[in-house]
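Data file: run35.tsv. Format and content: TSV, C-alpha atoms.
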chain	number	residue	atom	x	y	z
J	204	MET	CA	103.42	70.20	118.06
J	205	THR	CA	106.78	71.66	119.12
J	206	SER	CA	107.60	75.34	118.70
J	207	ARG	CA	110.11	74.46	115.97
J	208	ASN	CA	107.52	72.45	114.08
J	209	LYS	CA	105.07	75.34	114.31
J	210	THR	CA	107.70	77.65	112.86
J	211	ALA	CA	108.40	75.12	110.11
J	212	ARG	CA	104.71	74.96	109.20
J	213	VAL	CA	104.47	78.77	109.08
J	214	ALA	CA	107.54	78.91	106.82
J	215	GLY	CA	106.03	76.18	104.63
J	216	ILE	CA	102.75	78.08	104.25
J	217	LEU	CA	104.59	81.30	103.40
J	218	TYR	CA	106.76	79.42	100.89
J	219	LEU	CA	103.70	77.90	99.24
J	220	ILE	CA	102.02	81.30	98.89
J	221	LEU	CA	105.26	82.71	97.49
J	222	ILE	CA	105.54	79.96	94.90
J	223	LEU	CA	101.89	80.15	93.80
J	224	PHE	CA	101.76	83.92	93.45
J	225	GLY	CA	105.25	83.93	91.92
J	226	ILE	CA	104.11	81.54	89.20
J	227	ILE	CA	101.04	83.68	88.53
J	228	SER	CA	102.91	86.99	88.37
J	229	LEU	CA	106.17	85.90	86.73
J	230	ALA	CA	105.03	83.13	84.39
J	231	TYR	CA	101.32	82.52	83.90
J	232	ILE	CA	99.94	86.04	83.32
J	233	PRO	CA	102.96	87.21	81.27
J	234	SER	CA	102.56	84.14	79.04
J	235	LEU	CA	99.03	85.30	78.22
J	236	LEU	CA	99.81	88.97	77.64
J	237	ILE	CA	103.44	89.55	76.72
J	238	ASP	CA	104.80	88.85	73.25
J	239	ARG	CA	108.38	90.07	73.35
J	240	GLU	CA	108.63	89.75	69.58
J	241	SER	CA	105.67	92.05	68.89
J	242	ALA	CA	105.05	95.42	70.52
J	243	ALA	CA	101.71	95.71	68.71
J	244	LYS	CA	100.47	92.34	69.99
J	245	THR	CA	101.61	93.07	73.53
J	246	PHE	CA	99.90	96.47	73.48
J	247	GLU	CA	96.69	94.92	72.18
J	248	ASN	CA	96.75	92.14	74.77
J	249	ILE	CA	97.28	94.50	77.69
J	250	THR	CA	94.67	96.96	76.44
J	251	ASN	CA	92.07	94.23	75.97
J	252	SER	CA	92.91	92.46	79.25
J	253	GLU	CA	93.84	95.34	81.52
J	254	PHE	CA	92.33	93.70	84.60
J	255	LEU	CA	94.52	90.62	84.05
J	256	PHE	CA	97.56	92.87	83.71
J	257	ARG	CA	96.62	94.62	86.97
J	258	LEU	CA	96.11	91.23	88.60
J	259	GLY	CA	99.66	90.35	87.61
J	260	ILE	CA	100.92	93.48	89.35
J	261	VAL	CA	98.95	92.68	92.51
J	262	SER	CA	100.22	89.08	92.44
J	263	GLY	CA	103.78	90.35	92.18
J	264	ILE	CA	103.30	92.72	95.12
J	265	ILE	CA	101.87	89.89	97.24
J	266	THR	CA	104.80	87.69	96.22
J	267	PHE	CA	107.37	90.15	97.47
J	268	LEU	CA	105.49	91.05	100.62
J	269	ILE	CA	105.66	87.34	101.43
J	270	TYR	CA	109.33	87.39	100.39
J	271	ILE	CA	109.92	89.78	103.28
J	272	LEU	CA	108.28	87.44	105.79
J	273	LEU	CA	109.60	84.10	104.54
J	274	PRO	CA	113.34	84.60	105.22
J	275	LEU	CA	112.49	85.94	108.68
J	276	ALA	CA	110.49	82.79	109.45
J	277	LEU	CA	113.33	80.66	108.09
J	278	TYR	CA	115.82	82.63	110.19
J	279	LYS	CA	113.79	81.85	113.31
J	280	LEU	CA	113.78	78.18	112.33
J	281	LEU	CA	117.43	77.84	111.30
J	282	HIS	CA	119.54	80.50	113.04
J	283	GLU	CA	120.65	78.13	115.82
J	284	VAL	CA	122.33	75.95	113.19
J	285	ASN	CA	124.55	78.76	111.91
J	286	LYS	CA	123.72	82.38	112.72
J	287	VAL	CA	126.13	83.86	110.16
J	288	TYR	CA	124.72	81.86	107.26
J	289	ALA	CA	121.18	82.49	108.47
J	290	SER	CA	121.88	86.24	108.48
J	291	LEU	CA	123.34	86.08	104.96
J	292	MET	CA	120.25	84.18	103.81
J	293	VAL	CA	118.00	86.99	105.08
J	294	ILE	CA	120.20	89.78	103.69
J	295	PHE	CA	120.43	88.30	100.18
J	296	ALA	CA	116.69	87.63	100.08
J	297	LEU	CA	115.69	91.09	101.28
J	298	ILE	CA	118.00	92.94	98.89
J	299	SER	CA	115.80	91.82	95.99
J	300	VAL	CA	112.64	93.32	97.55
J	301	PRO	CA	113.38	97.04	96.98
J	302	ILE	CA	114.70	96.15	93.51
J	303	PHE	CA	111.32	94.62	92.71
J	304	PHE	CA	109.27	97.53	94.05
J	305	VAL	CA	111.30	100.00	92.01
J	306	ASN	CA	111.11	97.72	89.00
J	307	ILE	CA	107.31	97.26	89.20
J	308	LEU	CA	106.97	100.99	88.49
J	309	ASN	CA	107.58	100.05	84.85
J	310	LYS	CA	104.24	98.21	84.83
J	311	PHE	CA	102.50	101.18	86.44
J	312	SER	CA	103.97	103.31	83.64
J	313	VAL	CA	102.43	100.92	81.10
J	314	LEU	CA	99.02	101.50	82.68
J	315	THR	CA	99.58	105.26	82.56
J	316	LEU	CA	100.41	105.10	78.86
J	317	ILE	CA	97.43	102.98	77.82
J	318	ASN	CA	94.89	104.89	79.94
J	319	ASN	CA	95.77	108.45	78.97
J	320	PRO	CA	94.36	109.44	75.54
J	321	GLU	CA	96.79	112.36	75.39
J	322	TYR	CA	99.70	109.97	74.93
J	323	LEU	CA	98.06	108.45	71.85
J	324	LYS	CA	97.60	111.94	70.37
J	325	LYS	CA	101.16	112.92	71.19
J	326	PHE	CA	103.04	109.77	70.17
J	327	GLY	CA	100.79	108.06	67.65
J	328	GLU	CA	99.87	104.39	67.87
J	329	THR	CA	103.19	102.91	66.77
J	330	GLU	CA	105.26	105.11	69.04
J	331	LEU	CA	102.93	104.44	71.96
J	332	GLN	CA	103.28	100.69	71.43
J	333	THR	CA	107.05	101.13	71.39
J	334	GLN	CA	106.94	103.08	74.65
J	335	VAL	CA	104.87	100.36	76.29
J	336	MET	CA	107.28	97.68	75.08
J	337	LEU	CA	110.24	99.70	76.36
J	338	HIS	CA	108.77	99.66	79.86
J	339	ILE	CA	108.05	95.95	79.60
J	340	GLU	CA	111.65	95.25	78.56
J	341	SER	CA	112.92	97.48	81.38
J	342	TYR	CA	110.79	95.43	83.77
J	343	TYR	CA	112.36	92.20	82.51
J	344	ASN	CA	115.82	93.75	82.88
J	345	GLY	CA	114.98	94.39	86.53
J	346	ILE	CA	113.87	90.78	86.91
J	347	GLU	CA	117.24	89.68	85.55
J	348	ILE	CA	119.02	91.71	88.25
J	349	SER	CA	116.70	90.29	90.92
J	350	GLN	CA	117.63	86.77	89.84
J	351	ILE	CA	121.14	87.33	91.16
J	352	PHE	CA	119.78	87.63	94.70
J	353	TRP	CA	117.12	84.96	94.19
J	354	GLY	CA	120.11	82.72	93.61
J	355	LEU	CA	122.48	84.05	96.28
J	356	TRP	CA	120.07	83.55	99.17
J	357	LEU	CA	119.68	79.87	98.27
J	358	PHE	CA	123.31	79.03	99.02
J	359	PRO	CA	123.36	79.93	102.73
J	360	PHE	CA	119.79	78.60	103.01
J	361	GLY	CA	120.81	75.30	101.45
J	362	TYR	CA	123.95	75.07	103.57
J	363	ILE	CA	121.96	75.46	106.79
J	364	VAL	CA	119.39	72.91	105.64
J	365	TYR	CA	122.24	70.50	104.88
J	366	LYS	CA	123.83	71.05	108.30
J	367	SER	CA	120.62	71.26	110.32
J	368	GLY	CA	120.21	67.58	111.20
J	369	PHE	CA	116.43	67.96	111.17
J	370	LEU	CA	115.84	68.58	107.45
J	371	PRO	CA	116.82	66.37	104.48
J	372	LYS	CA	120.39	66.93	103.34
J	373	ILE	CA	119.43	66.29	99.71
J	374	LEU	CA	117.16	69.35	99.72
J	375	GLY	CA	120.05	71.43	101.03
J	376	ILE	CA	122.19	70.21	98.15
J	377	PHE	CA	119.53	71.11	95.58
J	378	LEU	CA	119.12	74.57	97.13
J	379	MET	CA	122.86	75.24	96.91
J	380	LEU	CA	122.91	73.98	93.32
J	381	GLY	CA	119.93	76.27	92.70
J	382	CYS	CA	122.14	79.23	93.59
J	383	ILE	CA	124.62	78.14	90.93
J	384	GLY	CA	121.76	77.64	88.47
J	385	TYR	CA	120.40	81.15	88.96
J	386	LEU	CA	123.82	82.73	88.58
J	387	THR	CA	124.56	80.60	85.51
J	388	THR	CA	121.27	81.70	83.97
J	389	PHE	CA	121.97	85.39	84.62
J	390	PHE	CA	125.59	85.54	83.50
J	391	GLY	CA	125.08	83.12	80.63
J	392	GLY	CA	122.08	85.06	79.33
J	393	PHE	CA	123.83	88.39	79.76
J	394	LEU	CA	127.03	87.36	78.00
J	395	TYR	CA	125.57	85.07	75.33
J	396	SER	CA	122.41	86.12	73.50
J	397	ASP	CA	121.35	82.58	72.57
J	398	PHE	CA	122.07	81.10	76.00
J	399	ASN	CA	118.36	80.43	76.67
J	400	LYS	CA	118.34	78.06	73.69
J	401	THR	CA	121.14	75.90	75.08
J	402	ILE	CA	120.84	72.69	77.10
J	403	ILE	CA	122.81	74.32	79.91
J	404	SER	CA	120.04	76.87	80.33
J	405	GLU	CA	117.46	74.10	80.64
J	406	ILE	CA	119.51	72.13	83.17
J	407	ALA	CA	120.29	75.24	85.26
J	408	ARG	CA	116.61	75.74	86.08
J	409	TYR	CA	116.00	72.34	87.66
J	410	PRO	CA	117.95	72.41	90.96
J	411	ALA	CA	116.24	75.54	92.33
J	412	THR	CA	112.83	74.26	91.27
J	413	ILE	CA	113.37	70.89	92.93
J	414	GLY	CA	114.99	72.39	96.02
J	415	GLU	CA	112.47	75.16	96.65
J	416	ILE	CA	109.32	73.15	95.96
J	417	GLY	CA	110.81	70.26	97.90
J	418	ILE	CA	111.67	72.28	101.01
J	419	CYS	CA	108.31	74.06	100.82
J	420	LEU	CA	106.37	70.79	100.86
J	421	TRP	CA	108.65	69.23	103.47
J	422	LEU	CA	108.20	72.15	105.88
J	423	LEU	CA	104.48	72.23	105.25
J	424	ILE	CA	103.78	68.51	105.52
J	425	MET	CA	106.60	66.94	107.52
J	426	GLY	CA	107.88	69.84	109.59
J	427	THR	CA	111.07	68.97	111.44
J	428	ASN	CA	112.11	65.66	112.94
J	429	LYS	CA	115.52	65.92	114.51
J	430	LEU	CA	115.53	62.37	115.82
J	431	LYS	CA	114.80	60.82	112.43
J	432	TRP	CA	117.38	62.83	110.52
J	433	ASN	CA	120.09	62.48	113.15
J	434	LYS	CA	119.85	58.71	112.70
J	435	GLN	CA	120.72	58.95	109.01
Please express the file's structure as structure tokens.
Amino acid sequence: MTSRNKTARVAGILYLILILFGIISLAYIPSLLIDRESAAKTFENITNSEFLFRLGIVSGIITFLIYILLPLALYKLLHEVNKVYASLMVIFALISVPIFFVNILNKFSVLTLINNPEYLKKFGETELQTQVMLHIESYYNGIEISQIFWGLWLFPFGYIVYKSGFLPKILGIFLMLGCIGYLTTFFGGFLYSDFNKTIISEIARYPATIGEIGICLWLLIMGTNKLKWNKQ
């Protein structure tokens, strides 16, 4: 196996871990615990399933530790194609990491509130539930900001994939469209309260999903094959 293929496999493994833990922390566990329409239900769910809530925090931390390593592995793989775009890819990806680690403090604050009996005495049950929900909403606001950079890094990444000659051009196109999708989701949702109910919102999610899962599996299974892709 060539050095480039080894790097591709490492990047593929990191990408797969990122995707799996990202789904757990950002989608699966929140779907079980968070009811954004009911502070009381959310408080009850977290209190009754505190370990699951903590597992979500740990999964998120693992996700973003991997998110530090992944763009560096991709830089090693792709920087010879275009060093400027490879550098932008790393910068945009890494900007979201400190945002996440500051943002995750909101979930630690939730644990502080539900585990300290003094807060229940001071605030009362309804007020305490409201405080917990406030931190949860602040966490989701931070996720919205992070989405800007989750999108921006995909454009230079996709461009390099497209230009590489040893990775499928179609995946590069989907990655670049994924950048547009993320930005559309953020600005549309921020400016229009019912944007998530529109067909545009649904469509905007697909390119990044296809592109990222596709490039993950390609790097993991196929690696790189310059000869094959240069013939196309």
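Those residues that approach Leu280 (chain J) to within 8 Å, counting all atoms listed in the file, are Arg207, Thr210, Ala211, Ala276, Leu277 and Glu283 of chain J; same-chain residues fewer than 3 positions away are not listed.
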Draw an axis-aligned box tight on the listed atoms of region 213-222 of chain J, then pad every side by 4 Å and write out centre and edge lengths in Å to one decimal as AutoDock Vina command-line options.
--center_x 104.8 --center_y 79.4 --center_z 102.0 --size_x 13.5 --size_y 14.5 --size_z 22.2
message: Measuring between only C-alpha atoms, which one of J:Ser299, J:Asn208, J:Thr401, J:Asn251 shows the shortest distance to Pro274 (chain J)?
response: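 Selected residue with least distance to Pro274 (chain J): J:Ser299.
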message: With all atoms listed in the file as the counted atoms, please give the residues lying no more than 7 Å from region 266-270 of chain J, apart from itself and same-chain residues fewer than 2 positions off, as a PyMOL selection string.
response: chain J and resi 217+221+224-225+262-264+272-274+300
At a cut-off of 9 Å around the point (119.6, 78.8, 103.2) (file coordinates), what residues fall inside when counting only C-alpha atoms? I'd like the answer as a PDB file with C-alpha atoms, keeping the file's coordinate frame.
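The resulting file, point.pdb, is reproduced below:
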ATOM      1  CA  PRO J 274     113.340  84.600 105.220  1.00  0.00           C
ATOM      2  CA  LEU J 277     113.330  80.660 108.090  1.00  0.00           C
ATOM      3  CA  TYR J 278     115.820  82.630 110.190  1.00  0.00           C
ATOM      4  CA  LEU J 281     117.430  77.840 111.300  1.00  0.00           C
ATOM      5  CA  TYR J 288     124.720  81.860 107.260  1.00  0.00           C
ATOM      6  CA  ALA J 289     121.180  82.490 108.470  1.00  0.00           C
ATOM      7  CA  LEU J 291     123.340  86.080 104.960  1.00  0.00           C
ATOM      8  CA  MET J 292     120.250  84.180 103.810  1.00  0.00           C
ATOM      9  CA  VAL J 293     118.000  86.990 105.080  1.00  0.00           C
ATOM     10  CA  TRP J 356     120.070  83.550  99.170  1.00  0.00           C
ATOM     11  CA  LEU J 357     119.680  79.870  98.270  1.00  0.00           C
ATOM     12  CA  PHE J 358     123.310  79.030  99.020  1.00  0.00           C
ATOM     13  CA  PRO J 359     123.360  79.930 102.730  1.00  0.00           C
ATOM     14  CA  PHE J 360     119.790  78.600 103.010  1.00  0.00           C
ATOM     15  CA  GLY J 361     120.810  75.300 101.450  1.00  0.00           C
ATOM     16  CA  TYR J 362     123.950  75.070 103.570  1.00  0.00           C
ATOM     17  CA  ILE J 363     121.960  75.460 106.790  1.00  0.00           C
ATOM     18  CA  VAL J 364     119.390  72.910 105.640  1.00  0.00           C
ATOM     19  CA  TYR J 365     122.240  70.500 104.880  1.00  0.00           C
ATOM     20  CA  GLY J 375     120.050  71.430 101.030  1.00  0.00           C
ATOM     21  CA  LEU J 378     119.120  74.570  97.130  1.00  0.00           C
ATOM     22  CA  MET J 379     122.860  75.240  96.910  1.00  0.00           C
TER      23      MET J 379
END
message: Show me, as a ChimeraX atom specification, the residues that have an atom within 12 Å of Thr329 (chain J) when counting all atoms listed in the file, minus same-chain residues fewer than 2 positions from it.
response: /J:241-244,246-247,322-327,331-336
message: Give me the residues near Gly259 (chain J) as JSON, numbers by chain, where near means some atom within 8 Å (using all atoms listed in the file) and where sequence neighbours in that chain fewer than 2 positions away do not count.
response: {"J": [227, 228, 229, 232, 233, 255, 256, 257, 261, 262, 263]}
query: Between J:Asn399, J:Ile237, J:Val313, J:Lys366, which is the closest to His282 (chain J) once you count all atoms listed in the file?
result: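 Of J:Asn399, J:Ile237, J:Val313, J:Lys366, the one nearest His282 (chain J), counting all atoms listed in the file, is J:Lys366.
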field: Atom-to-atom span, CA of Arg212 (chain J) and CA of Leu370 (chain J), Å
entry: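 Between these atoms lies a distance of 12.9 Å.
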message: As an exercise, work out the distance from CA of Gly384 (chain J) to CA of Asp238 (chain J) in Å and give it to one decimal place.
response: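 These atoms are spaced 25.4 Å apart.
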field: Gap from CA of Ile260 (chain J) to CA of Phe352 (chain J) - Å, one decimal
entry: 20.5 Å
message: Which residues are close to Lys310 (chain J), i.e. within 7 Å by only C-alpha atoms, leaving aside same-chain residues fewer than 4 positions away? Reply as a list in words.
response: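 Listing them by chain and then by number gives Leu314, His338 and Ile339 of chain J.
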- prompt: Which one is closest to Ile307 (chain J): J:Ile373, J:Leu236, J:Ile346, J:Ile403? Count only C-alpha atoms.
  reply: J:Ile346
query: For Asn318 (chain J), which of J:Thr412, J:Thr427, J:Thr250, J:Thr387 is the closest residue, counting all atoms listed in the file?
result: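 Among the listed residues, the smallest separation from Asn318 (chain J) belongs to J:Thr250.
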